$ cat entry-v3.txt   # compact mmCIF, C-alpha atoms
# COMPACT_ATOMS: atom_id res chain seq x y z
CA MET Q 1 132.68 116.34 89.26
CA GLY Q 2 131.42 119.71 90.44
CA ASN Q 3 129.17 120.45 93.36
CA SER Q 4 126.85 122.81 91.53
CA GLU Q 5 123.44 121.46 90.72
CA ALA Q 6 120.65 122.96 88.67
CA PRO Q 7 117.94 124.43 90.93
CA VAL Q 8 114.98 122.13 91.30
CA ASP Q 9 111.70 123.34 89.82
CA LEU Q 10 109.44 122.72 92.81
CA VAL Q 11 106.29 123.57 90.88
CA ALA Q 12 107.10 120.83 88.39
CA VAL Q 13 108.01 118.40 91.17
CA ARG Q 14 104.73 119.17 92.93
CA GLU Q 15 102.69 118.66 89.75
CA ARG Q 16 104.47 115.41 88.94
CA TRP Q 17 104.39 113.83 92.38
CA MET Q 18 101.52 115.19 94.47
CA GLY Q 19 99.05 112.41 95.16
CA VAL Q 20 101.23 109.66 93.70
CA GLU Q 21 101.07 106.46 95.75
CA PHE Q 22 104.46 104.87 96.24
CA ASP Q 23 104.24 102.47 99.14
CA TRP Q 24 101.84 99.99 100.67
CA ALA Q 25 102.22 98.12 103.94
CA SER Q 26 100.18 96.40 106.63
CA PHE Q 27 100.52 96.68 110.41
CA ASP Q 28 99.01 94.48 113.10
CA MET Q 29 97.69 96.33 116.15
CA HIS Q 30 98.80 94.40 119.23
CA VAL Q 31 97.18 95.14 122.56
CA GLU Q 32 100.45 95.10 124.51
CA ASP Q 33 102.01 97.67 122.12
CA MET Q 34 98.96 99.93 122.39
CA VAL Q 35 99.05 99.83 126.19
CA ALA Q 36 102.83 100.32 126.36
CA TRP Q 37 102.62 103.37 124.07
CA ALA Q 38 99.83 104.99 126.08
CA ASN Q 39 101.57 104.37 129.40
CA ALA Q 40 104.88 105.72 128.07
CA CYS Q 41 103.04 108.93 127.13
CA GLY Q 42 101.78 109.30 130.69
CA GLU Q 43 98.21 108.54 129.65
CA GLN Q 44 95.71 108.03 132.47
CA ASP Q 45 92.49 107.58 130.49
CA PRO Q 46 91.54 103.88 130.70
CA ARG Q 47 90.21 103.95 127.12
CA PHE Q 48 93.88 103.84 126.12
CA THR Q 49 95.50 101.93 128.99
CA ASP Q 50 93.00 99.26 130.04
CA PRO Q 51 92.31 96.53 127.46
CA SER Q 52 89.21 95.50 129.43
CA HIS Q 53 87.62 98.93 128.91
CA ALA Q 54 84.59 98.74 126.60
CA ASP Q 55 86.02 101.49 124.37
CA PHE Q 56 89.68 100.40 124.47
CA GLN Q 57 91.53 101.90 121.51
CA ALA Q 58 94.92 103.10 120.33
CA HIS Q 59 96.29 106.45 121.49
CA PRO Q 60 95.68 109.20 118.90
CA GLY Q 61 99.24 109.23 117.56
CA PHE Q 62 99.85 105.49 117.67
CA THR Q 63 100.08 105.15 113.89
CA THR Q 64 102.96 107.64 113.72
CA HIS Q 65 105.40 104.84 114.50
CA CYS Q 66 104.20 102.69 111.61
CA MET Q 67 107.00 103.14 109.11
CA SER Q 68 107.33 100.94 106.09
CA GLY Q 69 110.90 101.95 105.34
CA ARG Q 70 110.35 103.84 102.10
CA VAL Q 71 110.49 107.56 102.70
CA LEU Q 72 110.20 108.75 99.10
CA PRO Q 73 109.40 107.16 95.74
CA ASP Q 74 112.36 105.43 94.11
CA ASP Q 75 112.71 107.95 91.31
CA PHE Q 76 111.82 111.07 93.31
CA PRO Q 77 114.28 113.87 92.45
CA GLN Q 78 117.09 114.71 94.87
CA ILE Q 79 116.00 117.93 96.55
CA GLY Q 80 118.25 119.69 99.01
CA GLY Q 81 120.88 117.91 101.02
CA GLY Q 82 120.78 114.74 103.04
CA PHE Q 83 117.84 112.90 104.51
CA GLY Q 84 116.24 115.99 105.99
CA ILE Q 85 114.86 116.62 109.44
CA ASP Q 86 111.53 115.72 110.98
CA GLY Q 87 109.53 118.92 110.93
CA GLY Q 88 106.42 117.57 112.60
CA LYS Q 89 103.42 115.33 112.39
CA ASN Q 90 99.75 115.98 111.77
CA VAL Q 91 97.49 113.15 112.88
CA GLN Q 92 93.82 112.91 112.00
CA VAL Q 93 91.80 110.39 113.98
CA HIS Q 94 88.87 109.25 111.83
CA ALA Q 95 87.75 106.25 113.85
CA PRO Q 96 89.02 104.20 116.80
CA ILE Q 97 91.80 101.68 116.17
CA ARG Q 98 91.05 98.46 118.04
CA ALA Q 99 93.35 95.75 119.34
CA GLY Q 100 93.57 92.97 116.78
CA ASP Q 101 92.98 95.28 113.82
CA THR Q 102 95.24 94.97 110.82
CA LEU Q 103 95.78 98.36 109.26
CA HIS Q 104 96.58 98.73 105.60
CA ALA Q 105 98.60 101.86 104.86
CA THR Q 106 98.99 103.69 101.60
CA THR Q 107 101.72 106.30 101.31
CA THR Q 108 101.62 109.30 98.99
CA ILE Q 109 103.40 112.59 98.50
CA ALA Q 110 100.87 115.12 99.82
CA ASP Q 111 102.72 118.34 99.08
CA VAL Q 112 106.04 119.90 98.15
CA PHE Q 113 106.70 123.57 98.87
CA ASP Q 114 109.34 125.94 100.12
CA LYS Q 115 109.58 128.71 102.70
CA THR Q 116 112.25 131.34 103.06
CA GLY Q 117 113.26 132.74 106.43
CA ARG Q 118 116.29 134.14 108.24
CA SER Q 119 118.21 130.90 107.80
CA GLY Q 120 117.54 130.70 104.07
CA THR Q 121 115.15 128.65 102.00
CA MET Q 122 113.84 125.38 103.32
CA ILE Q 123 112.00 122.78 101.28
CA PHE Q 124 109.09 120.91 102.82
CA ILE Q 125 108.11 117.49 101.54
CA VAL Q 126 104.88 116.20 103.07
CA GLN Q 127 104.49 112.44 103.13
CA ARG Q 128 100.98 111.17 103.85
CA MET Q 129 100.09 107.74 105.21
CA GLU Q 130 96.44 106.72 105.24
CA PHE Q 131 95.50 103.74 107.38
CA ARG Q 132 92.44 101.60 106.72
CA ASN Q 133 91.19 98.64 108.71
CA ASP Q 134 90.03 95.31 107.32
CA ASP Q 135 86.58 96.84 106.70
CA ASP Q 136 88.27 99.42 104.44
CA GLU Q 137 87.34 102.11 106.95
CA LEU Q 138 89.76 105.04 107.04
CA VAL Q 139 90.90 105.23 110.68
CA SER Q 140 93.97 107.45 110.67
CA THR Q 141 95.85 109.88 108.45
CA VAL Q 142 99.40 110.93 109.30
CA ASP Q 143 101.13 113.78 107.49
CA TRP Q 144 104.86 113.91 108.08
CA LYS Q 145 106.68 117.13 107.19
CA MET Q 146 110.23 116.44 106.09
CA ILE Q 147 112.37 119.60 105.94
CA LYS Q 148 115.46 119.99 103.78
CA LYS Q 149 117.82 122.88 103.26
CA ALA Q 150 117.50 124.14 99.68
CA MET A 1 89.23 109.51 140.03
CA LEU A 2 89.33 111.70 136.93
CA HIS A 3 87.36 114.93 137.11
CA SER A 4 84.87 115.63 134.35
CA LEU A 5 84.85 118.64 132.07
CA SER A 6 82.03 119.12 129.63
CA PHE A 7 81.90 121.25 126.51
CA GLU A 8 79.61 123.69 128.34
CA ASP A 9 82.31 124.28 130.98
CA ILE A 10 84.82 125.54 128.44
CA GLU A 11 85.37 129.12 127.37
CA LEU A 12 87.62 130.74 124.82
CA GLY A 13 90.94 131.55 126.44
CA ASP A 14 90.76 128.82 129.07
CA GLU A 15 94.19 127.44 129.86
CA LEU A 16 95.12 123.85 130.56
CA SER A 17 97.06 123.25 133.75
CA GLU A 18 100.81 123.37 133.13
CA ALA A 19 102.27 119.89 132.96
CA HIS A 20 105.79 118.67 133.62
CA PRO A 21 106.10 115.29 131.91
CA ASP A 22 108.76 112.74 132.70
CA VAL A 23 111.39 112.75 129.95
CA SER A 24 114.05 110.92 131.94
CA MET A 25 116.20 108.39 130.11
CA ALA A 26 114.11 105.61 131.66
CA ALA A 27 110.84 107.15 130.41
CA VAL A 28 112.15 107.86 126.91
CA THR A 29 113.65 104.38 126.64
CA LYS A 30 110.28 102.95 127.65
CA PHE A 31 108.61 104.96 124.89
CA CYS A 32 111.21 103.97 122.30
CA ASN A 33 110.68 100.31 123.17
CA ALA A 34 106.91 100.74 122.85
CA ALA A 35 107.31 102.56 119.53
CA LYS A 36 110.06 100.23 118.28
CA HIS A 37 111.91 103.47 117.66
CA SER A 38 115.42 102.24 118.33
CA PHE A 39 117.72 105.12 117.44
CA GLU A 40 120.61 105.82 119.79
CA ARG A 41 120.14 109.57 119.54
CA PHE A 42 117.08 109.07 121.76
CA THR A 43 118.51 106.67 124.32
CA ASP A 44 122.25 107.37 124.58
CA HIS A 45 123.67 110.80 125.42
CA GLU A 46 127.11 110.03 124.01
CA ALA A 47 125.75 108.67 120.75
CA ALA A 48 123.53 111.75 120.39
CA ARG A 49 126.51 114.04 120.99
CA ALA A 50 128.40 112.18 118.27
CA GLU A 51 125.54 113.13 115.93
CA GLY A 52 125.87 116.78 116.88
CA PHE A 53 123.12 117.06 119.48
CA PRO A 54 123.83 118.46 122.97
CA GLY A 55 122.57 115.17 124.41
CA ALA A 56 119.94 112.52 123.81
CA ILE A 57 116.72 114.03 122.47
CA VAL A 58 113.07 113.26 123.07
CA PRO A 59 111.45 111.71 119.96
CA GLY A 60 109.04 114.09 118.25
CA ILE A 61 106.29 111.49 118.25
CA MET A 62 106.71 111.07 122.02
CA SER A 63 106.28 114.81 122.56
CA GLN A 64 103.06 114.60 120.56
CA GLY A 65 101.89 111.69 122.70
CA LEU A 66 102.71 113.61 125.90
CA LEU A 67 100.57 116.51 124.67
CA ALA A 68 97.68 114.18 123.81
CA ALA A 69 97.81 112.69 127.31
CA MET A 70 97.74 116.20 128.79
CA VAL A 71 94.58 116.98 126.80
CA HIS A 72 92.93 113.75 128.02
CA ARG A 73 93.85 114.58 131.64
CA TRP A 74 92.31 118.04 131.24
CA ALA A 75 89.08 116.79 129.70
CA PRO A 76 88.58 113.08 130.40
CA GLY A 77 86.37 111.40 127.83
CA CYS A 78 87.08 113.94 125.10
CA ASN A 79 88.10 112.76 121.65
CA ILE A 80 91.13 114.22 119.91
CA LYS A 81 90.19 114.41 116.24
CA ILE A 82 93.33 116.16 114.98
CA ILE A 83 96.66 116.82 116.62
CA ASP A 84 99.26 118.74 114.66
CA THR A 85 102.72 119.33 116.07
CA VAL A 86 105.69 121.22 114.69
CA PHE A 87 109.07 120.16 116.02
CA ARG A 88 110.93 123.47 116.30
CA GLY A 89 113.85 122.48 118.46
CA SER A 90 115.31 119.62 120.40
CA LEU A 91 113.95 118.62 123.80
CA LEU A 92 116.68 116.96 125.81
CA VAL A 93 116.30 113.71 127.67
CA ASP A 94 116.79 114.08 131.44
CA SER A 95 115.72 117.73 131.33
CA GLU A 96 112.73 119.57 132.79
CA ILE A 97 110.18 120.51 130.16
CA VAL A 98 106.87 122.33 130.50
CA MET A 99 103.70 121.73 128.48
CA THR A 100 100.99 124.34 128.16
CA GLY A 101 97.73 124.64 126.28
CA ALA A 102 94.94 127.14 125.71
CA VAL A 103 91.52 127.17 124.07
CA THR A 104 91.58 129.27 120.91
CA ASP A 105 88.17 128.49 119.40
CA THR A 106 84.90 126.79 120.23
CA ASP A 107 82.31 125.30 117.88
CA GLU A 108 78.98 124.74 119.60
CA GLU A 109 77.34 123.05 116.63
CA HIS A 110 79.91 120.26 116.50
CA ARG A 111 80.87 120.41 120.20
CA ARG A 112 84.47 120.91 119.18
CA ILE A 113 87.22 123.18 120.43
CA GLU A 114 90.61 124.20 119.11
CA LEU A 115 93.66 124.20 121.36
CA ASP A 116 97.08 125.76 121.02
CA LEU A 117 99.75 123.53 122.53
CA THR A 118 103.36 124.26 123.43
CA ILE A 119 106.33 122.50 124.97
CA ILE A 120 109.07 124.67 126.42
CA ALA A 121 112.57 123.28 126.90
CA GLU A 122 114.51 123.66 130.14
CA ASP A 123 116.54 126.55 128.69
CA GLY A 124 113.39 128.44 127.72
CA ARG A 125 113.40 127.61 124.03
CA THR A 126 110.14 126.58 122.39
CA GLY A 127 110.65 122.94 121.44
CA VAL A 128 107.23 122.04 120.09
CA ILE A 129 104.21 124.04 119.03
CA GLY A 130 100.97 122.53 117.93
CA THR A 131 97.23 122.58 117.73
CA ALA A 132 94.51 120.08 118.47
CA THR A 133 90.88 119.74 117.49
CA VAL A 134 88.99 118.12 120.33
CA GLU A 135 85.41 116.84 120.28
CA PHE A 136 83.18 116.40 123.32
CA PRO A 137 80.49 113.73 123.56
CA GLU A 138 76.89 114.76 124.25
$ encode --input "entry-v3.txt" --output "structure tokens"
Amino acid sequence: MGNSEAPVDLVAVRERWMGVEFDWASFDMHVEDMVAWANACGEQDPRFTDPSHADFQAHPGFTTHCMSGRVLPDDFPQIGGGFGIDGGKNVQVHAPIRAGDTLHATTTIADVFDKTGRSGTMIFIVQRMEFRNDDDELVSTVDWKMIKKA
Amino acid sequence: MLHSLSFEDIELGDELSEAHPDVSMAAVTKFCNAAKHSFERFTDHEAARAEGFPGAIVPGIMSQGLLAAMVHRWAPGCNIKIIDTVFRGSLLVDSEIVMTGAVTDTDEEHRRIELDLTIIAEDGRTGVIGTATVEFPE
């Protein structure tokens, strides 16, 4: 079996997969986890560290640790090599996350694109998780940029 | 007591005070426990070296959290609406890192500002770059 593979048509991949939901999960927001996270980040604002504060809420990036285990859809094409590296996170805070909330996350492929630089062409796969509370209010969106060598 | 900083106090080009967060093994382990982020590359130097890193590395999501805390210390009571970080290079556990920030835009109508954020590794490399959109209450 040879190592050569046909180049992946990223435009076709993007058209096929962008916006497709492929995972659903729920996460309970526990007060002790919220406080531990904020303290570990060196947070001093009591809105994030003191559960007795009237506006106590999760730290802005708290949802970034909510992983359901599925990184890509089951039948997503193999692009590049390996698992890829974590290229970064974009977090949008839409509304406060409160202790006791259960967040319902939906995961989609938000984008697929490539960039070419000195070290060659890299492929970016953007996975988006949207978190809604029990009132169906969108509270957080996390875009995770996964980078693979083309 | 935290000082206050209102939207009216802020001007384009203002810089946040440099911060030197604790990324010791104890601090990173504490974060990993809080995040249930139990990968040895973050909490064990030898295991990280076996994966090809120079030593244990600071989780990207922790570096983002450190930057958010720096913004809150600078402007207590502000609300981070968006924080976007790009992980450009590894930040090593048990090293000295420096966080900086600067105001790059202001929006009077919405009482929002834009910040550029950076984390520099001990050897001078840029480990993390990012931006934040921050809103100030009336």
$ interface_residues --input "entry-v3.txt" --of "chain A" --to "chain Q" --cutoff "7 Å" --atoms "all atoms listed in the file" --output "list of chain:residue names"
A:Ala27, A:Lys30, A:Phe31, A:Ala34, A:Ala35, A:Ile61, A:Met62, A:Gly65, A:Leu66, A:Ala69, A:His72, A:Arg73, A:Pro76, A:Ile80, A:Lys81, A:Ile82, A:Ile83, A:Asp84, A:Thr85, A:Val86, A:Phe87
$ atom_distance --input "entry-v3.txt" --atom1 "CA of Ala47 in chain A" --atom2 "CA of Leu92 in chain A"
13.3 Å
$ closest_residue --input "entry-v3.txt" --among "Q:Ala150, Q:Met129, Q:Val31, Q:Ala99" --to "Thr116 in chain Q" --atoms "all atoms listed in the file"
Q:Ala150
$ atom_distance --input "entry-v3.txt" --atom1 "CA of Phe22 in chain Q" --atom2 "CA of Asn33 in chain A"
28.0 Å
$ closest_residue --input "entry-v3.txt" --among "A:Ala132, A:Ala50, A:Ala68, A:Ala26" --to "Ala58 in chain Q" --atoms "only C-alpha atoms"
A:Ala68
$ closest_residue --input "entry-v3.txt" --among "A:Met70, A:Cys78, A:Ile97, A:Ala56" --to "Asp123 in chain A" --atoms "all atoms listed in the file"
A:Ile97
$ atom_distance --input "entry-v3.txt" --atom1 "CA of Ala12 in chain Q" --atom2 "CA of Glu130 in chain Q"
24.4 Å
$ residues_around --input "entry-v3.txt" --residues "Val13 in chain Q" --least-positions-apart "3" --cutoff "9 Å" --atoms "all atoms listed in the file" --output "PyMOL selection string"
chain Q and resi 8-10+16-18+76-77+112
$ residues_around --input "entry-v3.txt" --residues "Gly19 in chain Q" --least-positions-apart "3" --cutoff "10 Å" --atoms "only C-alpha atoms" --output "JSON, numbers by chain"
{"Q": [14, 15, 16, 22, 107, 108, 109, 110, 111, 127, 128]}
$ closest_residue --input "entry-v3.txt" --among "Q:Arg98, Q:Leu103, Q:Phe27, Q:Ile79" --to "Phe124 in chain Q" --atoms "all atoms listed in the file"
Q:Ile79
$ residues_around --input "entry-v3.txt" --residues "Gly89 in chain A" --least-positions-apart "2" --cutoff "7 Å" --atoms "only C-alpha atoms" --output "list in words"
Phe87, Leu91, Thr126, Gly127 and Val128 of chain A
$ residues_around --input "entry-v3.txt" --residues "Leu5 in chain A" --least-positions-apart "3" --cutoff "8 Å" --atoms "all atoms listed in the file" --output "compact mmCIF listing (two decimals) with C-alpha atoms, keeping the file's coordinate frame"
# COMPACT_ATOMS: atom_id res chain seq x y z
CA ASP A 9 82.31 124.28 130.98
CA ILE A 10 84.82 125.54 128.44
CA TRP A 74 92.31 118.04 131.24
CA ALA A 75 89.08 116.79 129.70
CA PRO A 76 88.58 113.08 130.40
$ decode --input "entry-v3.txt" --residues "range 90-104 of chain Q" --atoms "all heavy atoms" --output "PDB file, in the first residue's frame"
ATOM      1  N   ASN Q  90     -11.596  30.776  20.325  1.00  0.00           N
ATOM      2  CA  ASN Q  90     -12.351  32.022  20.350  1.00  0.00           C
ATOM      3  C   ASN Q  90     -13.600  31.776  21.178  1.00  0.00           C
ATOM      4  O   ASN Q  90     -14.377  30.869  20.878  1.00  0.00           O
ATOM      5  CB  ASN Q  90     -12.724  32.431  18.917  1.00  0.00           C
ATOM      6  CG  ASN Q  90     -13.574  33.695  18.869  1.00  0.00           C
ATOM      7  OD1 ASN Q  90     -14.628  33.789  19.502  1.00  0.00           O
ATOM      8  ND2 ASN Q  90     -13.134  34.672  18.104  1.00  0.00           N
ATOM      9  N   VAL Q  91     -13.756  32.574  22.224  1.00  0.00           N
ATOM     10  CA  VAL Q  91     -14.909  32.408  23.114  1.00  0.00           C
ATOM     11  C   VAL Q  91     -15.783  33.654  23.037  1.00  0.00           C
ATOM     12  O   VAL Q  91     -15.289  34.772  23.208  1.00  0.00           O
ATOM     13  CB  VAL Q  91     -14.456  32.200  24.573  1.00  0.00           C
ATOM     14  CG1 VAL Q  91     -15.675  32.062  25.491  1.00  0.00           C
ATOM     15  CG2 VAL Q  91     -13.563  30.982  24.691  1.00  0.00           C
ATOM     16  N   GLN Q  92     -17.054  33.450  22.769  1.00  0.00           N
ATOM     17  CA  GLN Q  92     -18.016  34.551  22.836  1.00  0.00           C
ATOM     18  C   GLN Q  92     -18.902  34.328  24.058  1.00  0.00           C
ATOM     19  O   GLN Q  92     -19.480  33.243  24.215  1.00  0.00           O
ATOM     20  CB  GLN Q  92     -18.883  34.595  21.588  1.00  0.00           C
ATOM     21  CG  GLN Q  92     -18.118  34.914  20.313  1.00  0.00           C
ATOM     22  CD  GLN Q  92     -19.049  34.963  19.109  1.00  0.00           C
ATOM     23  OE1 GLN Q  92     -19.982  35.766  19.074  1.00  0.00           O
ATOM     24  NE2 GLN Q  92     -18.809  34.101  18.148  1.00  0.00           N
ATOM     25  N   VAL Q  93     -18.980  35.352  24.878  1.00  0.00           N
ATOM     26  CA  VAL Q  93     -19.819  35.290  26.078  1.00  0.00           C
ATOM     27  C   VAL Q  93     -21.129  36.016  25.750  1.00  0.00           C
ATOM     28  O   VAL Q  93     -21.136  37.231  25.584  1.00  0.00           O
ATOM     29  CB  VAL Q  93     -19.123  35.953  27.274  1.00  0.00           C
ATOM     30  CG1 VAL Q  93     -20.005  35.888  28.511  1.00  0.00           C
ATOM     31  CG2 VAL Q  93     -17.760  35.310  27.532  1.00  0.00           C
ATOM     32  N   HIS Q  94     -22.200  35.266  25.656  1.00  0.00           N
ATOM     33  CA  HIS Q  94     -23.492  35.883  25.300  1.00  0.00           C
ATOM     34  C   HIS Q  94     -24.296  36.261  26.532  1.00  0.00           C
ATOM     35  O   HIS Q  94     -25.056  37.231  26.507  1.00  0.00           O
ATOM     36  CB  HIS Q  94     -24.307  34.920  24.437  1.00  0.00           C
ATOM     37  CG  HIS Q  94     -23.582  34.442  23.215  1.00  0.00           C
ATOM     38  ND1 HIS Q  94     -23.337  35.249  22.130  1.00  0.00           N
ATOM     39  CD2 HIS Q  94     -23.024  33.239  22.919  1.00  0.00           C
ATOM     40  CE1 HIS Q  94     -22.670  34.570  21.211  1.00  0.00           C
ATOM     41  NE2 HIS Q  94     -22.467  33.344  21.668  1.00  0.00           N
ATOM     42  N   ALA Q  95     -24.153  35.465  27.574  1.00  0.00           N
ATOM     43  CA  ALA Q  95     -24.910  35.710  28.810  1.00  0.00           C
ATOM     44  C   ALA Q  95     -24.200  34.974  29.943  1.00  0.00           C
ATOM     45  O   ALA Q  95     -23.455  34.008  29.701  1.00  0.00           O
ATOM     46  CB  ALA Q  95     -26.340  35.188  28.669  1.00  0.00           C
ATOM     47  N   PRO Q  96     -24.398  35.413  31.178  1.00  0.00           N
ATOM     48  CA  PRO Q  96     -23.709  34.749  32.292  1.00  0.00           C
ATOM     49  C   PRO Q  96     -24.135  33.284  32.445  1.00  0.00           C
ATOM     50  O   PRO Q  96     -25.303  32.943  32.248  1.00  0.00           O
ATOM     51  CB  PRO Q  96     -24.145  35.558  33.513  1.00  0.00           C
ATOM     52  CG  PRO Q  96     -24.624  36.860  32.983  1.00  0.00           C
ATOM     53  CD  PRO Q  96     -25.186  36.571  31.631  1.00  0.00           C
ATOM     54  N   ILE Q  97     -23.156  32.459  32.811  1.00  0.00           N
ATOM     55  CA  ILE Q  97     -23.419  31.055  33.137  1.00  0.00           C
ATOM     56  C   ILE Q  97     -23.471  30.966  34.654  1.00  0.00           C
ATOM     57  O   ILE Q  97     -22.520  31.368  35.337  1.00  0.00           O
ATOM     58  CB  ILE Q  97     -22.321  30.143  32.568  1.00  0.00           C
ATOM     59  CG1 ILE Q  97     -22.366  30.172  31.037  1.00  0.00           C
ATOM     60  CG2 ILE Q  97     -22.475  28.713  33.098  1.00  0.00           C
ATOM     61  CD1 ILE Q  97     -21.153  29.541  30.377  1.00  0.00           C
ATOM     62  N   ARG Q  98     -24.569  30.461  35.190  1.00  0.00           N
ATOM     63  CA  ARG Q  98     -24.772  30.434  36.635  1.00  0.00           C
ATOM     64  C   ARG Q  98     -24.548  29.024  37.195  1.00  0.00           C
ATOM     65  O   ARG Q  98     -24.769  28.021  36.502  1.00  0.00           O
ATOM     66  CB  ARG Q  98     -26.194  30.876  36.960  1.00  0.00           C
ATOM     67  CG  ARG Q  98     -26.605  32.225  36.373  1.00  0.00           C
ATOM     68  CD  ARG Q  98     -25.782  33.369  36.914  1.00  0.00           C
ATOM     69  NE  ARG Q  98     -26.282  34.668  36.440  1.00  0.00           N
ATOM     70  CZ  ARG Q  98     -25.688  35.832  36.664  1.00  0.00           C
ATOM     71  NH1 ARG Q  98     -24.563  35.883  37.353  1.00  0.00           N
ATOM     72  NH2 ARG Q  98     -26.192  36.955  36.195  1.00  0.00           N
ATOM     73  N   ALA Q  99     -24.143  29.001  38.463  1.00  0.00           N
ATOM     74  CA  ALA Q  99     -23.995  27.715  39.148  1.00  0.00           C
ATOM     75  C   ALA Q  99     -25.341  26.996  39.154  1.00  0.00           C
ATOM     76  O   ALA Q  99     -26.380  27.614  39.397  1.00  0.00           O
ATOM     77  CB  ALA Q  99     -23.516  27.951  40.569  1.00  0.00           C
ATOM     78  N   GLY Q 100     -25.315  25.713  38.858  1.00  0.00           N
ATOM     79  CA  GLY Q 100     -26.546  24.941  38.809  1.00  0.00           C
ATOM     80  C   GLY Q 100     -27.141  24.837  37.421  1.00  0.00           C
ATOM     81  O   GLY Q 100     -28.040  24.013  37.187  1.00  0.00           O
ATOM     82  N   ASP Q 101     -26.665  25.671  36.489  1.00  0.00           N
ATOM     83  CA  ASP Q 101     -27.150  25.567  35.108  1.00  0.00           C
ATOM     84  C   ASP Q 101     -26.748  24.211  34.524  1.00  0.00           C
ATOM     85  O   ASP Q 101     -25.670  23.679  34.839  1.00  0.00           O
ATOM     86  CB  ASP Q 101     -26.511  26.644  34.216  1.00  0.00           C
ATOM     87  CG  ASP Q 101     -27.166  28.017  34.362  1.00  0.00           C
ATOM     88  OD1 ASP Q 101     -28.174  28.122  35.089  1.00  0.00           O
ATOM     89  OD2 ASP Q 101     -26.649  28.981  33.749  1.00  0.00           O
ATOM     90  N   THR Q 102     -27.583  23.704  33.658  1.00  0.00           N
ATOM     91  CA  THR Q 102     -27.172  22.610  32.776  1.00  0.00           C
ATOM     92  C   THR Q 102     -27.094  23.188  31.376  1.00  0.00           C
ATOM     93  O   THR Q 102     -28.064  23.782  30.890  1.00  0.00           O
ATOM     94  CB  THR Q 102     -28.172  21.446  32.816  1.00  0.00           C
ATOM     95  OG1 THR Q 102     -28.183  20.904  34.144  1.00  0.00           O
ATOM     96  CG2 THR Q 102     -27.774  20.354  31.838  1.00  0.00           C
ATOM     97  N   LEU Q 103     -25.921  23.067  30.782  1.00  0.00           N
ATOM     98  CA  LEU Q 103     -25.729  23.599  29.434  1.00  0.00           C
ATOM     99  C   LEU Q 103     -25.835  22.475  28.404  1.00  0.00           C
ATOM    100  O   LEU Q 103     -25.302  21.386  28.610  1.00  0.00           O
ATOM    101  CB  LEU Q 103     -24.360  24.283  29.317  1.00  0.00           C
ATOM    102  CG  LEU Q 103     -24.081  25.427  30.282  1.00  0.00           C
ATOM    103  CD1 LEU Q 103     -22.758  26.109  29.936  1.00  0.00           C
ATOM    104  CD2 LEU Q 103     -25.220  26.446  30.301  1.00  0.00           C
ATOM    105  N   HIS Q 104     -26.526  22.796  27.337  1.00  0.00           N
ATOM    106  CA  HIS Q 104     -26.724  21.826  26.260  1.00  0.00           C
ATOM    107  C   HIS Q 104     -25.915  22.311  25.055  1.00  0.00           C
ATOM    108  O   HIS Q 104     -26.155  23.405  24.538  1.00  0.00           O
ATOM    109  CB  HIS Q 104     -28.208  21.717  25.933  1.00  0.00           C
ATOM    110  CG  HIS Q 104     -29.039  21.449  27.159  1.00  0.00           C
ATOM    111  ND1 HIS Q 104     -29.154  20.189  27.718  1.00  0.00           N
ATOM    112  CD2 HIS Q 104     -29.728  22.284  27.970  1.00  0.00           C
ATOM    113  CE1 HIS Q 104     -29.895  20.269  28.803  1.00  0.00           C
ATOM    114  NE2 HIS Q 104     -30.265  21.523  28.983  1.00  0.00           N
TER     115      HIS Q 104
END
